[in-house]
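Trainee: What follows is the file start.cif, containing mmCIF, C-alpha atoms:
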data_start
loop_
_atom_site.label_atom_id
_atom_site.label_comp_id
_atom_site.auth_asym_id
_atom_site.auth_seq_id
_atom_site.Cartn_x
_atom_site.Cartn_y
_atom_site.Cartn_z
CA MET A 1 0.35 -98.20 30.05
CA ASP A 2 -3.14 -99.56 29.71
CA LYS A 3 -2.69 -102.57 32.00
CA LYS A 4 -4.61 -103.60 35.09
CA ALA A 5 -3.18 -105.05 38.25
CA ILE A 6 -4.60 -106.61 41.40
CA VAL A 7 -2.66 -106.59 44.66
CA TYR A 8 -2.84 -109.07 47.56
CA ILE A 9 -1.85 -107.88 51.03
CA ASN A 10 -2.47 -109.07 54.58
CA GLN A 11 -4.62 -107.54 57.31
CA PHE A 12 -1.78 -105.49 58.70
CA PHE A 13 -0.68 -103.88 55.45
CA GLY A 14 -4.33 -103.60 54.41
CA GLN A 15 -4.94 -101.46 57.50
CA VAL A 16 -7.53 -103.80 58.99
CA GLY A 17 -5.52 -104.43 62.14
CA GLY A 18 -2.60 -106.25 63.70
CA GLU A 19 -2.38 -109.73 65.16
CA GLU A 20 -5.90 -109.42 66.63
CA ALA A 21 -7.24 -109.14 63.07
CA ALA A 22 -5.22 -112.03 61.67
CA ASP A 23 -8.38 -114.13 61.35
CA HIS A 24 -9.90 -111.56 59.00
CA PRO A 25 -11.53 -113.40 56.08
CA PRO A 26 -10.64 -112.33 52.54
CA GLU A 27 -12.25 -109.21 51.12
CA ILE A 28 -11.73 -107.19 47.97
CA LYS A 29 -11.68 -103.41 47.74
CA GLU A 30 -11.51 -101.12 44.76
CA GLY A 31 -8.31 -99.24 44.08
CA ALA A 32 -4.92 -99.46 45.78
CA VAL A 33 -5.55 -99.80 49.51
CA GLY A 34 -2.94 -99.49 52.27
CA ALA A 35 0.46 -100.83 51.27
CA ALA A 36 -0.76 -101.39 47.71
CA GLN A 37 -0.18 -97.66 47.28
CA ALA A 38 3.57 -98.25 47.42
CA LEU A 39 3.16 -100.39 44.30
CA ALA A 40 0.79 -97.88 42.70
CA ALA A 41 3.49 -95.22 42.95
CA GLU A 42 5.80 -97.18 40.64
CA PHE A 43 3.47 -99.32 38.53
CA ALA A 44 2.85 -97.76 35.12
CA GLY A 45 -0.62 -99.29 34.77
CA ASP A 46 -3.65 -99.12 37.03
CA ILE A 47 -4.17 -101.01 40.28
CA THR A 48 -7.89 -101.65 40.10
CA HIS A 49 -8.40 -103.76 43.23
CA THR A 50 -6.76 -104.82 46.47
CA VAL A 51 -7.44 -108.19 48.09
CA ILE A 52 -6.93 -108.24 51.85
CA CYS A 53 -6.83 -111.41 53.93
CA GLY A 54 -5.74 -112.16 57.49
CA ASP A 55 -2.56 -114.24 57.67
CA ASN A 56 -4.08 -116.76 60.08
CA PHE A 57 -7.24 -117.10 58.06
CA MET A 58 -5.08 -117.95 55.06
CA SER A 59 -2.76 -120.36 56.84
CA SER A 60 -5.44 -122.30 58.68
CA ASN A 61 -8.04 -122.31 55.89
CA GLN A 62 -5.81 -122.12 52.86
CA GLU A 63 -8.09 -124.04 50.55
CA GLU A 64 -11.17 -122.10 51.49
CA ALA A 65 -9.38 -118.75 51.43
CA THR A 66 -7.88 -119.47 48.03
CA ALA A 67 -11.21 -120.61 46.62
CA ARG A 68 -12.96 -117.50 47.93
CA ILE A 69 -10.35 -115.17 46.47
CA LEU A 70 -10.34 -116.91 43.09
CA GLU A 71 -14.11 -116.49 43.03
CA MET A 72 -13.81 -112.77 43.79
CA LEU A 73 -11.40 -112.36 40.87
CA GLU A 74 -13.44 -114.38 38.40
CA ASP A 75 -15.29 -111.49 36.78
CA ILE A 76 -12.48 -108.97 36.99
CA ASP A 77 -10.28 -108.24 34.01
CA PHE A 78 -6.60 -107.99 35.01
CA ASP A 79 -3.17 -108.46 33.44
CA ILE A 80 -0.90 -108.99 36.41
CA PHE A 81 -1.06 -109.93 40.08
CA PHE A 82 1.16 -108.61 42.86
CA ALA A 83 1.39 -110.27 46.29
CA GLY A 84 3.17 -108.53 49.15
CA PRO A 85 6.00 -107.53 49.69
CA ALA A 86 6.08 -110.02 52.56
CA PHE A 87 9.53 -109.23 54.04
CA GLN A 88 10.55 -111.86 56.59
CA ALA A 89 7.02 -112.63 57.73
CA GLY A 90 6.64 -116.40 57.33
CA ARG A 91 2.87 -116.66 57.36
CA TYR A 92 2.54 -113.70 55.03
CA GLY A 93 5.14 -115.21 52.68
CA ASN A 94 3.25 -118.48 52.62
CA ALA A 95 0.01 -116.61 51.94
CA CYS A 96 1.51 -114.58 49.09
CA GLY A 97 3.02 -117.71 47.55
CA ALA A 98 -0.10 -119.85 47.90
CA ILE A 99 -2.51 -117.28 46.49
CA GLY A 100 0.01 -116.21 43.86
CA LYS A 101 0.46 -119.76 42.63
CA ALA A 102 -3.30 -120.32 42.53
CA VAL A 103 -3.93 -117.08 40.63
CA LYS A 104 -1.20 -117.91 38.13
CA GLU A 105 -2.65 -121.35 37.52
CA GLU A 106 -6.25 -120.14 37.28
CA PHE A 107 -5.84 -116.94 35.27
CA ALA A 108 -2.45 -117.42 33.58
CA VAL A 109 -1.18 -113.94 34.45
CA PRO A 110 2.31 -113.12 35.74
CA VAL A 111 2.53 -113.07 39.53
CA ILE A 112 5.20 -111.06 41.32
CA SER A 113 6.11 -111.03 44.99
CA SER A 114 8.98 -110.01 47.23
CA MET A 115 10.33 -111.81 50.30
CA ASN A 116 13.42 -111.77 52.44
CA GLU A 117 15.71 -114.72 51.71
CA GLU A 118 14.96 -116.14 55.16
CA ASN A 119 11.25 -116.25 54.48
CA PRO A 120 10.28 -119.94 54.05
CA GLY A 121 7.91 -118.82 51.30
CA VAL A 122 10.95 -118.35 49.05
CA GLU A 123 11.90 -122.03 48.99
CA MET A 124 8.26 -123.07 48.77
CA PHE A 125 7.18 -120.87 45.91
CA LYS A 126 10.16 -119.44 44.02
CA LYS A 127 9.58 -121.96 41.25
CA ASP A 128 5.94 -120.98 40.85
CA ILE A 129 6.00 -117.19 40.87
CA TYR A 130 8.54 -114.39 40.50
CA ILE A 131 9.87 -113.56 43.98
CA PHE A 132 12.32 -110.71 44.47
CA PRO A 133 14.73 -110.62 47.40
CA GLY A 134 13.38 -108.15 49.94
CA GLY A 135 14.16 -106.53 53.27
CA ARG A 136 13.46 -107.96 56.70
CA SER A 137 10.67 -105.59 57.64
CA GLY A 138 8.20 -102.97 56.43
CA ALA A 139 10.94 -100.37 56.65
CA LYS A 140 11.95 -101.57 53.18
CA MET A 141 8.43 -101.25 51.80
CA ARG A 142 9.15 -98.58 49.24
CA GLU A 143 12.29 -100.26 47.93
CA ASP A 144 10.79 -103.75 47.70
CA ALA A 145 7.55 -102.55 46.13
CA LYS A 146 9.55 -100.60 43.56
CA LYS A 147 11.39 -103.74 42.43
CA MET A 148 8.11 -105.61 42.05
CA ALA A 149 6.40 -102.79 40.16
CA GLU A 150 9.33 -102.17 37.84
CA PHE A 151 9.54 -105.81 36.89
CA GLY A 152 5.78 -105.75 36.34
CA ASN A 153 6.18 -102.85 33.94
CA GLU A 154 8.91 -104.74 32.13
CA ILE A 155 7.12 -108.05 31.84
CA LEU A 156 3.95 -106.38 30.50
CA THR A 157 5.76 -104.39 27.84
CA SER A 158 8.71 -106.53 26.65
CA GLU A 159 8.92 -109.92 25.08
CA GLY A 160 11.44 -111.67 27.26
CA PRO A 161 12.91 -114.05 28.16
CA PHE A 162 13.51 -112.61 31.61
CA PRO A 163 16.62 -114.28 33.02
CA ALA A 164 16.83 -114.34 36.80
CA ASP A 165 20.45 -113.20 36.67
CA GLU A 166 19.53 -110.05 34.85
CA TYR A 167 16.36 -109.12 36.71
CA GLY A 168 17.34 -110.24 40.17
CA PHE A 169 14.46 -112.47 41.29
CA TYR A 170 15.20 -115.81 42.98
CA LYS A 171 16.18 -118.39 40.38
CA ARG A 172 13.29 -120.57 39.36
CA GLY A 173 15.35 -123.28 37.65
CA ILE A 174 13.42 -122.86 34.40
CA ARG A 175 15.24 -123.11 31.08
CA HIS A 176 14.10 -121.13 28.05
CA GLN A 177 14.80 -121.64 24.39
CA TYR A 178 15.57 -118.42 22.57
CA PHE A 179 17.79 -116.84 19.97
CA ARG A 180 20.71 -115.08 21.58
CA PRO A 181 21.18 -111.49 20.45
CA ASP A 182 24.88 -112.22 19.78
CA GLU A 183 23.96 -115.32 17.71
CA LYS A 184 26.89 -117.27 19.15
CA THR A 185 26.40 -121.00 18.79
CA ALA A 186 26.88 -123.44 21.63
CA ALA A 187 30.11 -124.66 20.00
CA GLU A 188 31.59 -121.16 19.95
CA ARG A 189 30.56 -120.50 23.54
CA ALA A 190 31.96 -123.83 24.70
CA LEU A 191 35.30 -123.06 23.01
CA ASP A 192 35.38 -119.61 24.60
CA MET A 193 34.83 -121.21 27.97
CA LEU A 194 37.47 -123.85 27.36
CA LEU A 195 40.05 -121.24 26.32
CA LYS A 196 39.30 -119.19 29.40
CA LYS A 197 39.58 -122.26 31.59
CA MET A 198 42.94 -123.15 30.03
CA LYS A 199 44.21 -119.63 30.64
CA GLY A 200 43.03 -119.82 34.21
CA GLU A 201 40.52 -117.02 33.63
CA GLU A 202 37.06 -116.87 35.13
CA TYR A 203 34.14 -118.14 33.11
CA THR A 204 30.48 -118.78 33.78
CA SER A 205 29.04 -122.21 33.16
CA GLU A 206 25.72 -122.34 31.35
CA LEU A 207 24.80 -125.43 33.31
CA PRO A 208 25.31 -124.54 36.94
CA ILE A 209 24.90 -127.56 39.19
CA PRO A 210 23.12 -126.62 42.40
CA GLU A 211 25.11 -126.91 45.61
CA VAL A 212 24.17 -130.06 47.43
CA ASP A 213 24.34 -131.13 51.02
CA ARG A 214 26.29 -134.24 51.89
CA VAL A 215 24.70 -137.22 53.50
CA ASP A 216 26.34 -139.49 56.06
CA ILE A 217 27.99 -142.50 54.48
CA ALA A 218 25.94 -145.62 55.14
CA PRO A 219 27.96 -148.41 56.78
CA ALA A 220 29.43 -151.19 54.64
CA ILE A 221 27.38 -154.37 54.42
CA GLU A 222 29.20 -157.06 56.33
CA ASP A 223 28.06 -160.02 54.33
CA LEU A 224 25.99 -159.52 51.18
CA SER A 225 25.10 -163.20 51.08
CA GLN A 226 22.72 -162.51 53.97
CA VAL A 227 21.15 -159.45 52.40
CA LYS A 228 18.40 -158.49 49.95
CA VAL A 229 19.78 -156.24 47.21
CA ALA A 230 17.61 -154.02 44.99
CA LEU A 231 18.23 -152.42 41.61
CA VAL A 232 17.27 -148.77 41.10
CA SER A 233 17.87 -146.86 37.86
CA SER A 234 17.48 -143.41 36.35
CA GLY A 235 17.84 -144.96 32.90
CA GLY A 236 14.14 -145.09 32.05
CA ILE A 237 13.86 -148.89 31.62
CA VAL A 238 10.15 -149.77 31.76
CA PRO A 239 7.84 -152.53 30.51
CA VAL A 240 7.18 -151.89 26.82
CA GLY A 241 3.80 -150.18 27.35
CA ASN A 242 5.23 -147.75 29.97
CA PRO A 243 2.25 -148.53 32.27
CA ASP A 244 2.98 -145.73 34.76
CA ARG A 245 3.44 -143.17 31.99
CA ILE A 246 6.79 -142.03 33.33
CA GLN A 247 7.87 -138.91 31.44
CA SER A 248 10.79 -139.14 29.01
CA ALA A 249 12.35 -135.99 30.45
CA SER A 250 11.83 -133.82 33.52
CA ALA A 251 10.24 -136.82 35.21
CA THR A 252 7.99 -136.47 38.22
CA ARG A 253 6.96 -140.13 38.36
CA TRP A 254 8.77 -143.39 39.11
CA GLY A 255 7.76 -147.01 38.76
CA LYS A 256 8.58 -150.39 40.24
CA TYR A 257 8.40 -153.52 38.15
CA ASN A 258 8.29 -157.15 39.10
CA ILE A 259 11.19 -159.32 38.01
CA ALA A 260 10.50 -162.38 40.18
CA GLY A 261 11.42 -165.50 38.27
CA MET A 262 13.14 -163.61 35.45
CA ASP A 263 16.71 -164.58 34.63
CA ARG A 264 17.15 -161.40 32.65
CA LEU A 265 15.16 -158.49 31.29
CA GLU A 266 13.71 -159.44 27.92
CA ASN A 267 14.12 -156.77 25.26
CA ARG A 268 11.78 -154.50 23.36
CA ALA A 269 11.48 -156.83 20.37
CA SER A 270 10.25 -159.60 22.72
CA GLU A 271 7.69 -157.20 24.26
CA GLY A 272 9.74 -157.10 27.44
CA PHE A 273 11.42 -153.87 28.51
CA LYS A 274 12.63 -150.74 26.72
CA THR A 275 13.93 -147.33 27.67
CA ILE A 276 11.83 -144.16 27.51
CA HIS A 277 14.77 -141.92 28.46
CA ALA A 278 14.96 -138.98 26.02
CA GLY A 279 18.54 -138.13 26.90
CA PHE A 280 20.40 -140.80 24.93
CA ASP A 281 20.09 -143.07 21.88
CA PRO A 282 17.78 -145.87 23.05
CA ALA A 283 18.99 -148.51 20.55
CA ALA A 284 21.46 -150.30 22.84
CA ALA A 285 19.11 -150.28 25.84
CA ASP A 286 16.11 -151.44 23.79
CA GLU A 287 18.15 -154.26 22.29
CA ASP A 288 19.33 -155.46 25.71
CA PRO A 289 17.88 -153.66 28.77
CA ASN A 290 20.31 -155.58 31.01
CA ARG A 291 22.97 -153.18 29.75
CA VAL A 292 21.24 -150.54 31.87
CA VAL A 293 19.50 -152.59 34.57
CA PRO A 294 21.78 -155.64 35.01
CA VAL A 295 19.22 -158.19 36.18
CA ASP A 296 21.12 -161.03 34.46
CA ALA A 297 24.39 -160.33 36.28
CA LEU A 298 22.66 -160.04 39.65
CA ARG A 299 20.80 -163.30 39.09
CA LYS A 300 24.18 -164.93 38.53
CA PHE A 301 25.52 -163.46 41.76
CA GLU A 302 22.35 -164.62 43.52
CA GLU A 303 22.84 -168.14 42.17
CA GLU A 304 26.48 -168.10 43.28
CA GLY A 305 25.43 -167.03 46.77
CA ARG A 306 27.34 -163.75 46.50
CA ILE A 307 24.12 -161.91 47.44
CA GLY A 308 21.29 -163.21 49.58
CA LYS A 309 18.47 -162.26 47.23
CA LEU A 310 17.73 -159.90 44.37
CA HIS A 311 14.64 -157.91 45.39
CA ASP A 312 11.57 -158.92 43.37
CA GLU A 313 11.05 -155.42 42.04
CA PHE A 314 13.34 -152.91 40.43
CA TYR A 315 12.71 -149.16 40.67
CA VAL A 316 13.06 -146.71 37.84
CA THR A 317 12.60 -143.14 36.71
CA VAL A 318 14.12 -140.88 34.06
CA GLY A 319 17.06 -138.73 35.04
CA THR A 320 17.21 -136.06 32.36
CA GLY A 321 16.02 -132.53 33.00
CA THR A 322 14.69 -133.83 36.31
CA THR A 323 14.95 -131.16 38.98
CA VAL A 324 16.93 -131.81 42.14
CA GLY A 325 13.74 -131.28 44.11
CA GLU A 326 11.77 -133.91 42.20
CA ALA A 327 14.68 -136.36 42.27
CA ALA A 328 14.94 -135.94 46.04
CA ARG A 329 11.22 -136.51 46.52
CA MET A 330 11.23 -139.62 44.33
CA GLY A 331 14.35 -140.85 46.13
CA GLN A 332 12.58 -140.47 49.47
CA GLU A 333 9.52 -142.32 48.23
CA ILE A 334 11.61 -145.15 46.77
CA ALA A 335 13.65 -145.34 50.02
CA GLU A 336 10.43 -145.76 52.04
CA ASP A 337 9.34 -148.58 49.79
CA LEU A 338 12.76 -150.28 49.96
CA LYS A 339 12.77 -150.11 53.74
CA ASP A 340 9.30 -151.62 53.93
CA ALA A 341 10.52 -154.44 51.70
CA GLY A 342 13.52 -155.13 53.95
CA VAL A 343 16.10 -154.12 51.36
CA GLN A 344 19.48 -153.29 52.89
CA ALA A 345 21.62 -152.58 49.85
CA VAL A 346 21.00 -150.87 46.52
CA ILE A 347 22.77 -150.67 43.18
CA LEU A 348 21.67 -147.53 41.35
CA THR A 349 22.54 -147.35 37.67
CA SER A 350 22.46 -144.02 35.89
CA THR A 351 22.79 -143.11 32.24
CA MET B 1 18.09 -139.91 44.47
CA ALA B 2 21.12 -141.91 45.62
CA LYS B 3 21.52 -139.47 48.46
CA GLU B 4 17.96 -139.80 49.71
CA ILE B 5 18.18 -143.59 49.67
CA GLU B 6 21.45 -143.42 51.61
CA ARG B 7 19.93 -140.87 54.01
CA ALA B 8 17.30 -143.50 54.81
CA GLY B 9 20.14 -145.75 56.03
CA ILE B 10 20.30 -148.08 53.02
CA THR B 11 23.83 -148.76 51.73
CA ILE B 12 23.95 -147.72 48.09
CA VAL B 13 26.44 -147.74 45.24
CA GLN B 14 25.90 -145.65 42.15
CA MET B 15 27.06 -147.04 38.82
CA ALA B 16 27.58 -144.04 36.59
CA ASN B 17 29.42 -142.97 33.49
CA LEU B 18 29.32 -139.28 34.38
CA VAL B 19 31.37 -139.71 37.52
CA PRO B 20 31.77 -135.95 38.14
CA VAL B 21 27.98 -135.56 38.13
CA ALA B 22 27.55 -138.52 40.48
CA LYS B 23 30.14 -136.91 42.75
CA THR B 24 28.39 -133.55 42.68
CA THR B 25 24.95 -134.97 43.28
CA GLY B 26 26.25 -136.65 46.40
CA ALA B 27 26.71 -140.39 45.85
CA ASN B 28 29.30 -141.73 48.30
CA ARG B 29 30.13 -145.06 46.64
CA ILE B 30 30.62 -144.78 42.89
CA VAL B 31 31.56 -147.43 40.33
CA PRO B 32 32.22 -146.19 36.78
CA THR B 33 30.35 -147.64 33.82
CA ILE B 34 31.52 -147.72 30.21
CA SER B 35 29.11 -145.28 28.52
CA ILE B 36 25.84 -143.39 28.82
CA PRO B 37 23.61 -145.31 26.34
CA TYR B 38 25.08 -148.72 27.25
CA PRO B 39 26.53 -148.49 30.76
CA LEU B 40 27.14 -152.23 31.07
CA GLY B 41 27.81 -153.78 27.64
CA ASP B 42 28.98 -152.26 24.36
CA PRO B 43 26.73 -153.58 21.56
CA LYS B 44 29.65 -153.39 19.13
CA THR B 45 31.52 -156.09 21.08
CA PRO B 46 30.76 -159.85 21.21
CA GLU B 47 28.15 -161.13 23.68
CA ASP B 48 30.71 -162.82 25.93
CA GLU B 49 32.72 -159.60 26.13
CA GLN B 50 29.57 -157.67 27.13
CA TRP B 51 28.74 -160.25 29.76
CA LYS B 52 32.27 -159.98 31.15
CA VAL B 53 31.98 -156.19 31.42
CA ARG B 54 28.64 -156.46 33.16
CA TYR B 55 29.62 -159.25 35.53
CA THR B 56 32.90 -157.55 36.47
CA ARG B 57 31.43 -154.10 37.04
CA VAL B 58 28.39 -155.31 38.96
CA GLY B 59 30.84 -157.42 40.99
CA ALA B 60 32.86 -154.28 41.70
CA ALA B 61 29.65 -152.58 42.83
CA LEU B 62 28.96 -155.45 45.24
CA ASP B 63 32.51 -155.16 46.57
CA ALA B 64 31.93 -151.44 47.07
CA LEU B 65 28.83 -152.15 49.15
CA GLU B 66 30.99 -154.28 51.44
CA THR B 67 33.79 -151.72 51.72
CA ASP B 68 34.05 -149.30 54.62
CA ILE B 69 34.84 -145.80 53.40
CA GLU B 70 35.66 -142.53 55.15
CA ASP B 71 35.06 -140.22 52.19
CA GLN B 72 33.29 -140.25 48.88
CA THR B 73 35.03 -142.97 46.86
CA VAL B 74 35.21 -143.82 43.18
CA PHE B 75 36.03 -147.52 43.04
CA LYS B 76 38.42 -148.92 40.45
CA VAL B 77 37.23 -151.79 38.33
CA GLY B 78 39.28 -154.93 37.65
#
Take the structure I supplied and represent it as structure tokens, if you would.
Mentor:
Amino acid sequence: MDKKAIVYINQFFGQVGGEEAADHPPEIKEGAVGAAQALAAEFAGDITHTVICGDNFMSSNQEEATARILEMLEDIDFDIFFAGPAFQAGRYGNACGAIGKAVKEEFAVPVISSMNEENPGVEMFKKDIYIFPGGRSGAKMREDAKKMAEFGNEILTSEGPFPADEYGFYKRGIRHQYFRPDEKTAAERALDMLLKKMKGEEYTSELPIPEVDRVDIAPAIEDLSQVKVALVSSGGIVPVGNPDRIQSASATRWGKYNIAGMDRLENRASEGFKTIHAGFDPAAADEDPNRVVPVDALRKFEEEGRIGKLHDEFYVTVGTGTTVGEAARMGQEIAEDLKDAGVQAVILTST
Amino acid sequence: MAKEIERAGITIVQMANLVPVAKTTGANRIVPTISIPYPLGDPKTPEDEQWKVRYTRVGAALDALETDIEDQTVFKVG
């Protein structure tokens, strides 16, 4: 195979030294140096260079280290980048993930690593690069390197897609569109699943919902008439121009919009509010956004004294294709804002 | 999102049509809505009917905020 690879390893596996050499600044050497040879043994192409960097240098000067390494790679022609294996070494895992992500973004080549499931680098970077489950220590070097190299051979010679289930790397939560070899339509597959479910047989969902941790139940509000209530929605209701450019799917942004003095949300035709949510027919929400964000009903309850006050801003994002991670981050940011505003109770509407 | 807001100590009720999803994603107080594209008012029904649906369900959500619960609870409406 006529493909070129570059390998990133730390000072220890690059044979510079142990902990005393952890401040070693990044350097690049020709060929497969130190532990990179374990990859060279299985990789069908050619490992042309090895980048070596001290773990501490990387963790305390990550920006500088990354910039220096990217500069070293600028004039080198390569097809794939390996980082590690990093086993259970936290700093090394972070280094492999950080440089791997940067290389992938800068040079658009596949990046493959290996880490033990306990390595924090897995959670941090499994969405950015391919990370294979690995052993706890260097004793598993040969095995872990083999997995990385074999997947490298595969990804450079086949077309994909490369499902995590089949190849064994940590799931990245990325969906691909492709033609199934068996050409079974969604309807047929859904019926197969339903029949299996009815017979009490095992089946595999195509939309696995990630396990979630529970959160302590917040205490009941004693008297809502003394409290400021806010509206939050994942239904994509925004002012007609979508000023914050919230995405219609897989959102990473949220907005808050002032409703002080409004009895209701005016609709799209009146240049008021509309939905940008790509996951449902927008007609009903555009015609009357209160169907999704019930400002009118809450104003009525405010007038009746049922609630103390409707918060002057409502909060919104789009909840389709949005990852659990992004939703959690946006939730945290919105919660901060609500707390600063003295909001004690929230109605969240979802579509 | 509901979970993170609740984690911050703010009492929250989620109004959702896909109740099983709301349950899985960790909302503790849930009030069902009538559909996905129009959670609180079916455009095929008269205005006053839509208002009734919205007022009743939002009212149920307010009741839920004032209700002490031990476990995740899906509140009945009306």
Trainee: Kindly provide, as a PDB file with C-alpha atoms, in the frame of the given file, the residues of chain A having any atom no farther than 8 Å from an atom of chain B, counting only C-alpha atoms.
Mentor:
ATOM      1  CA  ILE A 209      24.900-127.560  39.190  1.00  0.00           C
ATOM      2  CA  GLU A 211      25.110-126.910  45.610  1.00  0.00           C
ATOM      3  CA  VAL A 212      24.170-130.060  47.430  1.00  0.00           C
ATOM      4  CA  ASP A 213      24.340-131.130  51.020  1.00  0.00           C
ATOM      5  CA  ARG A 214      26.290-134.240  51.890  1.00  0.00           C
ATOM      6  CA  VAL A 215      24.700-137.220  53.500  1.00  0.00           C
ATOM      7  CA  ASP A 216      26.340-139.490  56.060  1.00  0.00           C
ATOM      8  CA  ILE A 217      27.990-142.500  54.480  1.00  0.00           C
ATOM      9  CA  ALA A 218      25.940-145.620  55.140  1.00  0.00           C
ATOM     10  CA  PRO A 219      27.960-148.410  56.780  1.00  0.00           C
ATOM     11  CA  ALA A 220      29.430-151.190  54.640  1.00  0.00           C
ATOM     12  CA  ILE A 221      27.380-154.370  54.420  1.00  0.00           C
ATOM     13  CA  GLU A 222      29.200-157.060  56.330  1.00  0.00           C
ATOM     14  CA  ASP A 223      28.060-160.020  54.330  1.00  0.00           C
ATOM     15  CA  LEU A 224      25.990-159.520  51.180  1.00  0.00           C
ATOM     16  CA  PHE A 280      20.400-140.800  24.930  1.00  0.00           C
ATOM     17  CA  ASP A 281      20.090-143.070  21.880  1.00  0.00           C
ATOM     18  CA  PRO A 282      17.780-145.870  23.050  1.00  0.00           C
ATOM     19  CA  ALA A 284      21.460-150.300  22.840  1.00  0.00           C
ATOM     20  CA  ALA A 285      19.110-150.280  25.840  1.00  0.00           C
ATOM     21  CA  ASN A 290      20.310-155.580  31.010  1.00  0.00           C
ATOM     22  CA  ARG A 291      22.970-153.180  29.750  1.00  0.00           C
ATOM     23  CA  VAL A 292      21.240-150.540  31.870  1.00  0.00           C
ATOM     24  CA  PRO A 294      21.780-155.640  35.010  1.00  0.00           C
ATOM     25  CA  ALA A 297      24.390-160.330  36.280  1.00  0.00           C
ATOM     26  CA  LEU A 298      22.660-160.040  39.650  1.00  0.00           C
ATOM     27  CA  ALA A 327      14.680-136.360  42.270  1.00  0.00           C
ATOM     28  CA  ALA A 328      14.940-135.940  46.040  1.00  0.00           C
ATOM     29  CA  ARG A 329      11.220-136.510  46.520  1.00  0.00           C
ATOM     30  CA  MET A 330      11.230-139.620  44.330  1.00  0.00           C
ATOM     31  CA  GLY A 331      14.350-140.850  46.130  1.00  0.00           C
ATOM     32  CA  GLN A 332      12.580-140.470  49.470  1.00  0.00           C
ATOM     33  CA  ILE A 334      11.610-145.150  46.770  1.00  0.00           C
ATOM     34  CA  ALA A 335      13.650-145.340  50.020  1.00  0.00           C
ATOM     35  CA  GLU A 336      10.430-145.760  52.040  1.00  0.00           C
ATOM     36  CA  LYS A 339      12.770-150.110  53.740  1.00  0.00           C
ATOM     37  CA  VAL A 343      16.100-154.120  51.360  1.00  0.00           C
ATOM     38  CA  GLN A 344      19.480-153.290  52.890  1.00  0.00           C
ATOM     39  CA  ALA A 345      21.620-152.580  49.850  1.00  0.00           C
ATOM     40  CA  VAL A 346      21.000-150.870  46.520  1.00  0.00           C
ATOM     41  CA  ILE A 347      22.770-150.670  43.180  1.00  0.00           C
ATOM     42  CA  LEU A 348      21.670-147.530  41.350  1.00  0.00           C
ATOM     43  CA  THR A 349      22.540-147.350  37.670  1.00  0.00           C
ATOM     44  CA  SER A 350      22.460-144.020  35.890  1.00  0.00           C
ATOM     45  CA  THR A 351      22.790-143.110  32.240  1.00  0.00           C
TER      46      THR A 351
END
Trainee: Would you work out the distance separating CA of Glu47 in chain B from CA of Asp296 in chain A, expressed in Å to one decimal?
Mentor: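 Result for CA of Glu47 in chain B versus CA of Asp296 in chain A: 12.9 Å, one decimal.
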Trainee: Record the distance separating CA of Thr50 in chain A and CA of Ala108 in chain A, expressed in Å with one decimal.
Mentor: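 The value is 18.5 Å.
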Trainee: Please write the residues picked by the PyMOL selection byres ((chain A and resi 2-19) around 7) on this file as a list in words.
Mentor: Met1, Glu20, Ala21, Ala22, His24, Val33, Gly34, Ala35, Ala36, Gly45, Asp46, Ile47, Thr48, His49, Thr50, Val51, Ile52, Cys53, Gly54, Asp55, Phe78, Asp79, Ile80, Phe81, Phe82, Ala83, Gly84 and Tyr92 of chain A
Trainee: Keeping only C-alpha atoms, write the selected residues to a file as a PDB file, in the frame of the given file.
Mentor:
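Ended up saving to selection-v6.pdb:
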ATOM      1  CA  MET A   1       0.350 -98.200  30.050  1.00  0.00           C
ATOM      2  CA  GLU A  20      -5.900-109.420  66.630  1.00  0.00           C
ATOM      3  CA  ALA A  21      -7.240-109.140  63.070  1.00  0.00           C
ATOM      4  CA  ALA A  22      -5.220-112.030  61.670  1.00  0.00           C
ATOM      5  CA  HIS A  24      -9.900-111.560  59.000  1.00  0.00           C
ATOM      6  CA  VAL A  33      -5.550 -99.800  49.510  1.00  0.00           C
ATOM      7  CA  GLY A  34      -2.940 -99.490  52.270  1.00  0.00           C
ATOM      8  CA  ALA A  35       0.460-100.830  51.270  1.00  0.00           C
ATOM      9  CA  ALA A  36      -0.760-101.390  47.710  1.00  0.00           C
ATOM     10  CA  GLY A  45      -0.620 -99.290  34.770  1.00  0.00           C
ATOM     11  CA  ASP A  46      -3.650 -99.120  37.030  1.00  0.00           C
ATOM     12  CA  ILE A  47      -4.170-101.010  40.280  1.00  0.00           C
ATOM     13  CA  THR A  48      -7.890-101.650  40.100  1.00  0.00           C
ATOM     14  CA  HIS A  49      -8.400-103.760  43.230  1.00  0.00           C
ATOM     15  CA  THR A  50      -6.760-104.820  46.470  1.00  0.00           C
ATOM     16  CA  VAL A  51      -7.440-108.190  48.090  1.00  0.00           C
ATOM     17  CA  ILE A  52      -6.930-108.240  51.850  1.00  0.00           C
ATOM     18  CA  CYS A  53      -6.830-111.410  53.930  1.00  0.00           C
ATOM     19  CA  GLY A  54      -5.740-112.160  57.490  1.00  0.00           C
ATOM     20  CA  ASP A  55      -2.560-114.240  57.670  1.00  0.00           C
ATOM     21  CA  PHE A  78      -6.600-107.990  35.010  1.00  0.00           C
ATOM     22  CA  ASP A  79      -3.170-108.460  33.440  1.00  0.00           C
ATOM     23  CA  ILE A  80      -0.900-108.990  36.410  1.00  0.00           C
ATOM     24  CA  PHE A  81      -1.060-109.930  40.080  1.00  0.00           C
ATOM     25  CA  PHE A  82       1.160-108.610  42.860  1.00  0.00           C
ATOM     26  CA  ALA A  83       1.390-110.270  46.290  1.00  0.00           C
ATOM     27  CA  GLY A  84       3.170-108.530  49.150  1.00  0.00           C
ATOM     28  CA  TYR A  92       2.540-113.700  55.030  1.00  0.00           C
TER      29      TYR A  92
END
